[in-house]
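Worksheet: the structure to be examined is printed underneath.
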Amino acid sequence: MRQPVGHYPGLRLWTALFFFFLYAPMVVLVAYSFNVNKLAMIWGGFSTRWYVKLFTTGGIGEAAMNSLLVAVIATCFAVAIAIAAALVLVREAGFRGAGLSNALISMPLIVPEIVTAVATLMFFVMLKNWIGFDLGLGNIIIAHCVFCIPFAFMPIRARLQDMDLALEQAARDLYADAWKAFRFVTLPLLMPGVVAGAMLAFVISLDDFIITQMISGPGTTTLPVYIYSMIRNGITPEVNAASTILIAVSTALVTVYWYVSRPKKT
Amino acid sequence: MAAGQSAVEARGISKVFPGGVKALDDVSVTIRENEFFTLLGPSGCGKTTLLRLIAGFEFPSAGEILLHGLDIAHLPPDRRPVNTVFQHYALFPHMTVAENVGFGLRMQGRPKGEIDRAVDQALALVKMADYGARRPSQLSGGQQQRVAFARAIAPRPQVLLLDEPLSALDLKLRQAMRGELKTLQRETGITFIFVTHDQEEALTMSDRIAVMSAGKIQQIGAPLDIYESPVNHFVADFIGDSNFIEGAIDTIKGDAAVVKTPDGIAIAARMNGPHKAGDRIAVALRPEKILLGAGKLKGEVREAVYLGTSTSYVIALGRAVTLSVREANDLSGKARFAVGDTVKLDIPAGAARMLAD
């Protein structure tokens with residue numbers, strides 16, 4: 001028989017503590033972003049003046065645009081590569097090096113991000129010194145694309161593994177060439193996985209700080225890097241406002257992800 | 001095209017899968033125009049592999065597959081005028097029934113008016129005309145089966161391949177669908193190649209049957225030939241029930257021979273192949289062909305199992321031979337013999353069939 005979780009003594013308390021420590025800081029941050037007072041920790045009344053100030057002082061707008069641009073482009077590339085990888089690794093599973101490929105593609109999830117960050121920085125510095133390669137924001141996009149691939153890859157692979165191979169064969173049997181079978185049968189059926197993967201990749205890119213911090217320079221600042229630079233001048237209400245915006249965007253995207261990826265009743 | 005002309009011809013087909021599994025071993029078979037042809041055999045016999053080779057999902061390791069004289073063995077599936085009804089239907093879940101049925105014609109680039117007409121026609125043919133707007137998930141198993149069939153015939157293929165299409169249905173529905181499939185085949189005039197492991201399905205629907213085992217075709221023939229004149233032990237055993245009796249040929253008179261078992265029981269059998277007196281041979285004998293109550297042979301009833309319309313006996317003849325015998329029950333419905341009875345029995349000439357192995 002299934003017991004309600006609350007049946008176990010003390011579990012409610014632990015759960016409450018967990019949620020408190022997880023969300024209380026964010027609640028405080030969001031609340032104080034609407035604080036009229038300049039002094040961060042003293043409540044003076046509701047106001048949106050920090051948001052106004054944030055957007056009028058400049059810098060943040062550019063950072064937000066950069067973040068968006070990087071996230072959109074990196075997501076597109078990551079998803080395209082992830083679909084191709086999933087098709088090969090699921091459909092042609094037996095080939096030599098399949099296991100290695102699977103491991104390599106998931107590597108960015110395991111390698112400590114600071115290691116990837118330092119390595120990426122060195123890599124780009126080398127490229128610049130040797131052949132003058134420096135795309136500015138493009139460098140950040142390339143780096144993001146790489147660590148977004150495994151996040152896009154996993155839900156797409158899961159979806160593909162659940163898909164009946166006979167569906168594609170049926171399409172081929174009914175006069176669809178390889179591309180049409182992909183376009184009209186595989187891709188539409190893969191879509192929930194693709195959307196989920198894209199959402200994940202987008203959020204991961206949008207929130208990334210460590211790698212971006214390493215390789216960003218003047219003019220290529222993203223939102224998290226910008227917020228971090230603001231903190232160096234003390235925690236101002238503008239930092240709270242910028243963070244709140246970031247939380248809102250991430251939450252919205254994760255909500256979409258959840259709606260798309262939950263099992264449908266048929 | 002005239003009946004009897006070949007629709008599909010497999011010539012010396014072998015298929016070896018990576019890892020060395022030999023699924024088909026030098027198989028040759030000719031399937032005629034407008035024929036209901038069945039590939040029958042246990043799982044792993046190669047029947048599905050042969051079907052998939054004709055569909056184009058696999059390519060043969062050796063041999064050719066001719067479709068109306070043209071070698072299609074290495075064409076991709078979309079370039080073969082052959083359609084498949086899949087075992088689990090493989091309907092596209094993101095499309096409506098009508099979109100599913102129209103998919104083949106759409107991929108062929110036919111005009112919309114023509115597609116709509118063909119879809120209506122195909123759905124009417126399988127009595128699903130009112131279901132065009134539904135999703136496959138809203139249909140029962142039998143209905144999905146009909147849609148799968150409509151989808152496969154809508155582009156008017158030259159040959160229709162059916163991969164155990166009835167196996168996912170329950171018994172009653174399966175029996176009803178047999179008749180319908182046969183009717184549909186007659187109405188559409190399309191050559192059907194049907195794969196099944198169910199001998200009853202094969203016997204009731206087919207014009208001809210190829211019995212397969214271990215990657216080879218054991219026998220090809222009409223249902224009657226397959227049942228009445230099995231060529232070897234496998235066919236006699238796989239189709240229906242058989243008694244197998246081993247002995248040596250005692251005398252030969254034209255087509256008729258007498259086979260004697262080691263303990264002297266003489267059985268009249270039809271000749272099959274070039275044998276001479278003294279050859280050791282096995283004969284197959286159907287349980288329902290043995291007559292009880294009269295005859296030269298004598299046996300003891302060891303078991304009697306009531307089966308409703310008939311009774312199945314196990315009868316011992318001497319020490320070495322036990323026969324399974326089936327007799328229709330009379331009007332009273334009661335079995336004529338009980339365990340322990342001594343019965344006379346007769347094996348009519350032509351009831352026993354010599355086997356090649």
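In the structure tokens, chains take the letters A, B, ... in the order shown, each chain's residues start at 1, and ligands count up from 1 in the order shown.
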Checklist entry - So which residues touch Ile226 of chain B within 10 Å, counting only C-alpha atoms, skipping near sequence neighbours fewer than 3 positions away, as a ChimeraX atom specification? => result /B:203,208-211,219-223,229-231,235-236,239-240
Please save C-alpha atoms of the selected residues as a compact mmCIF listing (two decimals), in the first residue's frame.
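Result went into out.txt, see below:
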# COMPACT_ATOMS: atom_id res chain seq x y z
CA LEU B 203 -4.45 -22.79 -45.25
CA ARG B 208 -0.23 -21.12 -52.68
CA ILE B 209 1.97 -21.56 -49.63
CA ALA B 210 5.73 -21.70 -49.29
CA VAL B 211 6.64 -23.56 -46.11
CA GLN B 219 7.79 -26.99 -50.05
CA ILE B 220 5.67 -24.77 -52.29
CA GLY B 221 2.14 -25.71 -53.21
CA ALA B 222 -1.59 -25.16 -52.86
CA PRO B 223 -2.95 -25.63 -49.32
CA SER B 229 1.28 -34.41 -49.71
CA PRO B 230 3.96 -33.02 -47.42
CA VAL B 231 7.38 -33.71 -48.93
CA VAL B 235 6.29 -29.94 -43.47
CA ALA B 236 4.28 -32.93 -42.27
CA ILE B 239 1.24 -28.34 -40.92
CA GLY B 240 -1.42 -30.16 -38.96
Item to check | DSSP alpha helix (DSSP H) selection over segment 183-257 of chain A, as a PyMOL selection string | outcome: chain A and resi 187-207+210-215+223-231+237-257
Item to check | chain A residues near chain B (8 Å cut-off, only C-alpha atoms) as a ChimeraX atom specification | outcome: /A:164,166-167,169-177,180,185,188-189,266
Item to check | Which of segment 102-216 of chain B fall in strand (DSSP E or B), as a list in words | outcome: Val159, Leu160, Leu161, Leu162, Asp163, Thr191, Phe192, Ile193, Phe194, Val195, Thr196, Arg208, Ile209, Ala210, Val211, Met212, Ser213 and Lys216 of chain B
Item to check | Surrounding residues of Ser229 of chain A excluding itself and chain neighbours under 5 positions, 12 Å, only C-alpha atoms, as a VMD selection string | outcome: chain A and resid 59 to 60 63 209 213 221 to 224 234 to 236 238 to 239 242
Using N, CA, C and O atoms, can you write the selected residues to a file as a compact mmCIF listing (two decimals), in the first residue's frame?
# COMPACT_ATOMS: atom_id res chain seq x y z
N GLY A 59 24.50 49.69 -20.96
CA GLY A 59 25.30 48.55 -20.55
C GLY A 59 24.45 47.32 -20.41
O GLY A 59 24.70 46.32 -21.07
N ILE A 60 23.43 47.42 -19.57
CA ILE A 60 22.60 46.24 -19.37
C ILE A 60 21.85 45.84 -20.64
O ILE A 60 21.73 44.67 -20.96
N ALA A 63 24.22 44.09 -22.82
CA ALA A 63 24.52 42.77 -22.27
C ALA A 63 23.38 41.80 -22.52
O ALA A 63 23.59 40.64 -22.88
N PHE A 209 28.03 31.50 -16.71
CA PHE A 209 28.87 32.59 -16.23
C PHE A 209 30.35 32.28 -16.36
O PHE A 209 31.12 33.05 -16.94
N GLN A 213 32.69 34.38 -18.68
CA GLN A 213 33.52 35.36 -17.96
C GLN A 213 34.96 35.31 -18.45
O GLN A 213 35.62 36.31 -18.64
N THR A 221 30.09 41.48 -23.38
CA THR A 221 29.59 41.14 -22.05
C THR A 221 28.18 40.57 -22.15
O THR A 221 27.34 41.11 -22.84
N THR A 222 27.96 39.43 -21.44
CA THR A 222 26.60 38.89 -21.38
C THR A 222 25.98 39.27 -20.05
O THR A 222 26.66 39.81 -19.17
N LEU A 223 24.70 38.98 -19.89
CA LEU A 223 23.96 39.41 -18.71
C LEU A 223 24.57 38.92 -17.40
O LEU A 223 24.80 39.72 -16.48
N PRO A 224 24.83 37.61 -17.26
CA PRO A 224 25.42 37.17 -15.99
C PRO A 224 26.77 37.85 -15.71
O PRO A 224 27.04 38.21 -14.56
N GLY A 234 29.42 46.71 -5.02
CA GLY A 234 28.46 46.54 -3.94
C GLY A 234 27.12 46.10 -4.49
O GLY A 234 26.81 46.31 -5.66
N ILE A 235 26.36 45.43 -3.59
CA ILE A 235 25.07 44.93 -4.05
C ILE A 235 24.08 46.07 -4.10
O ILE A 235 23.56 46.52 -3.09
N THR A 236 23.87 46.57 -5.26
CA THR A 236 22.92 47.67 -5.44
C THR A 236 21.57 47.11 -5.83
O THR A 236 21.48 45.97 -6.29
N GLU A 238 20.00 47.72 -8.39
CA GLU A 238 19.99 47.39 -9.82
C GLU A 238 20.40 45.93 -10.04
O GLU A 238 19.90 45.26 -10.94
N VAL A 239 21.36 45.46 -9.23
CA VAL A 239 21.76 44.06 -9.34
C VAL A 239 20.54 43.17 -9.11
O VAL A 239 20.29 42.20 -9.84
N ALA A 242 18.29 43.26 -12.17
CA ALA A 242 18.82 42.50 -13.29
C ALA A 242 18.67 41.00 -13.03
O ALA A 242 18.28 40.23 -13.91
Checklist entry - Quick one: residues within 6 Å of segment 28-45 of chain A, only C-alpha atoms counted, chain neighbours fewer than 4 positions away excluded, as a PyMOL selection string? => result chain A and resi 237+240-241+244
Next on the checklist: Just the number, please: distance in Å from atom CA of Ala152 of chain A to atom CA of Pro25 of chain A, one decimal.
Outcome noted: 29.4 Å
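Atom CA of Phe37 of chain B lies 19.8 Å from atom CA of Leu70 of chain B.
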Checklist entry - Of the candidates B:Val301, B:Ala118, B:Gly308, B:Ala284, which one gets nearest to Asp330 of chain B if we count only C-alpha atoms? => result B:Gly308
Next on the checklist: Show me, as a ChimeraX atom specification, the residues that have an atom within 8 Å of segment 43-50 of chain B when counting only C-alpha atoms, minus same-chain residues fewer than 5 positions from it.
Outcome noted: /B:23-24,58,163,195,197,212-216
Output all heavy atoms of each residue in that selection to a file, as an mmCIF file, in the first residue's frame.
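The resulting file, out_9.cif, is shown below:
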data_model
loop_
_atom_site.group_PDB
_atom_site.id
_atom_site.type_symbol
_atom_site.label_atom_id
_atom_site.label_comp_id
_atom_site.auth_asym_id
_atom_site.auth_seq_id
_atom_site.Cartn_x
_atom_site.Cartn_y
_atom_site.Cartn_z
ATOM 1 N N ALA B 23 20.176 -15.932 -42.567
ATOM 2 C CA ALA B 23 18.722 -15.931 -42.459
ATOM 3 C C ALA B 23 18.088 -16.608 -43.661
ATOM 4 O O ALA B 23 17.046 -17.252 -43.539
ATOM 5 C CB ALA B 23 18.207 -14.507 -42.319
ATOM 6 N N LEU B 24 18.705 -16.445 -44.843
ATOM 7 C CA LEU B 24 18.179 -17.087 -46.043
ATOM 8 C C LEU B 24 19.323 -17.768 -46.765
ATOM 9 O O LEU B 24 20.412 -17.217 -46.868
ATOM 10 C CB LEU B 24 17.529 -16.049 -46.965
ATOM 11 C CG LEU B 24 16.213 -15.439 -46.487
ATOM 12 C CD1 LEU B 24 15.809 -14.300 -47.385
ATOM 13 C CD2 LEU B 24 15.115 -16.492 -46.430
ATOM 14 N N GLU B 58 15.887 -4.481 -46.352
ATOM 15 C CA GLU B 58 17.174 -5.162 -46.275
ATOM 16 C C GLU B 58 17.607 -5.447 -47.709
ATOM 17 O O GLU B 58 16.786 -5.440 -48.621
ATOM 18 C CB GLU B 58 17.052 -6.514 -45.543
ATOM 19 C CG GLU B 58 16.341 -6.497 -44.216
ATOM 20 C CD GLU B 58 17.257 -6.088 -43.077
ATOM 21 O OE1 GLU B 58 18.464 -5.883 -43.321
ATOM 22 O OE2 GLU B 58 16.762 -5.988 -41.948
ATOM 23 N N ASP B 163 2.994 -8.406 -43.264
ATOM 24 C CA ASP B 163 3.880 -9.007 -42.271
ATOM 25 C C ASP B 163 3.098 -9.372 -41.021
ATOM 26 O O ASP B 163 2.950 -8.554 -40.125
ATOM 27 C CB ASP B 163 5.009 -8.028 -41.939
ATOM 28 C CG ASP B 163 6.015 -8.624 -40.972
ATOM 29 O OD1 ASP B 163 5.963 -9.841 -40.744
ATOM 30 O OD2 ASP B 163 6.832 -7.849 -40.444
ATOM 31 N N VAL B 195 2.934 -13.051 -44.787
ATOM 32 C CA VAL B 195 3.832 -13.794 -43.905
ATOM 33 C C VAL B 195 3.095 -14.175 -42.635
ATOM 34 O O VAL B 195 2.432 -13.338 -42.020
ATOM 35 C CB VAL B 195 5.066 -12.937 -43.544
ATOM 36 C CG1 VAL B 195 5.732 -13.473 -42.286
ATOM 37 C CG2 VAL B 195 6.062 -12.943 -44.690
ATOM 38 N N HIS B 197 3.004 -17.286 -39.139
ATOM 39 C CA HIS B 197 3.456 -18.543 -38.536
ATOM 40 C C HIS B 197 2.243 -19.405 -38.217
ATOM 41 O O HIS B 197 2.367 -20.484 -37.646
ATOM 42 C CB HIS B 197 4.263 -18.271 -37.264
ATOM 43 C CG HIS B 197 3.458 -17.594 -36.202
ATOM 44 N ND1 HIS B 197 3.357 -16.226 -36.100
ATOM 45 C CD2 HIS B 197 2.683 -18.095 -35.228
ATOM 46 C CE1 HIS B 197 2.555 -15.925 -35.093
ATOM 47 N NE2 HIS B 197 2.137 -17.035 -34.550
ATOM 48 N N MET B 212 8.549 -22.577 -44.960
ATOM 49 C CA MET B 212 9.965 -22.284 -44.781
ATOM 50 C C MET B 212 10.474 -22.787 -43.450
ATOM 51 O O MET B 212 9.744 -22.824 -42.465
ATOM 52 C CB MET B 212 10.223 -20.779 -44.887
ATOM 53 C CG MET B 212 9.915 -20.207 -46.255
ATOM 54 S SD MET B 212 10.338 -18.468 -46.362
ATOM 55 C CE MET B 212 12.116 -18.528 -46.261
ATOM 56 N N SER B 213 11.746 -23.168 -43.456
ATOM 57 C CA SER B 213 12.409 -23.569 -42.225
ATOM 58 C C SER B 213 13.899 -23.385 -42.414
ATOM 59 O O SER B 213 14.429 -23.676 -43.491
ATOM 60 C CB SER B 213 12.070 -25.035 -41.913
ATOM 61 O OG SER B 213 13.011 -25.540 -40.991
ATOM 62 N N ALA B 214 14.551 -22.887 -41.385
ATOM 63 C CA ALA B 214 16.016 -22.750 -41.381
ATOM 64 C C ALA B 214 16.555 -22.063 -42.633
ATOM 65 O O ALA B 214 17.543 -22.499 -43.203
ATOM 66 C CB ALA B 214 16.657 -24.126 -41.205
ATOM 67 N N GLY B 215 15.886 -21.004 -43.068
ATOM 68 C CA GLY B 215 16.392 -20.206 -44.180
ATOM 69 C C GLY B 215 16.197 -20.819 -45.546
ATOM 70 O O GLY B 215 16.733 -20.328 -46.531
ATOM 71 N N LYS B 216 15.427 -21.904 -45.609
ATOM 72 C CA LYS B 216 15.178 -22.552 -46.904
ATOM 73 C C LYS B 216 13.687 -22.773 -47.088
ATOM 74 O O LYS B 216 12.945 -22.900 -46.107
ATOM 75 C CB LYS B 216 15.871 -23.919 -46.957
ATOM 76 C CG LYS B 216 17.374 -23.873 -47.139
ATOM 77 C CD LYS B 216 17.898 -25.301 -47.177
ATOM 78 C CE LYS B 216 19.411 -25.373 -47.178
ATOM 79 N NZ LYS B 216 20.051 -24.989 -48.408
#
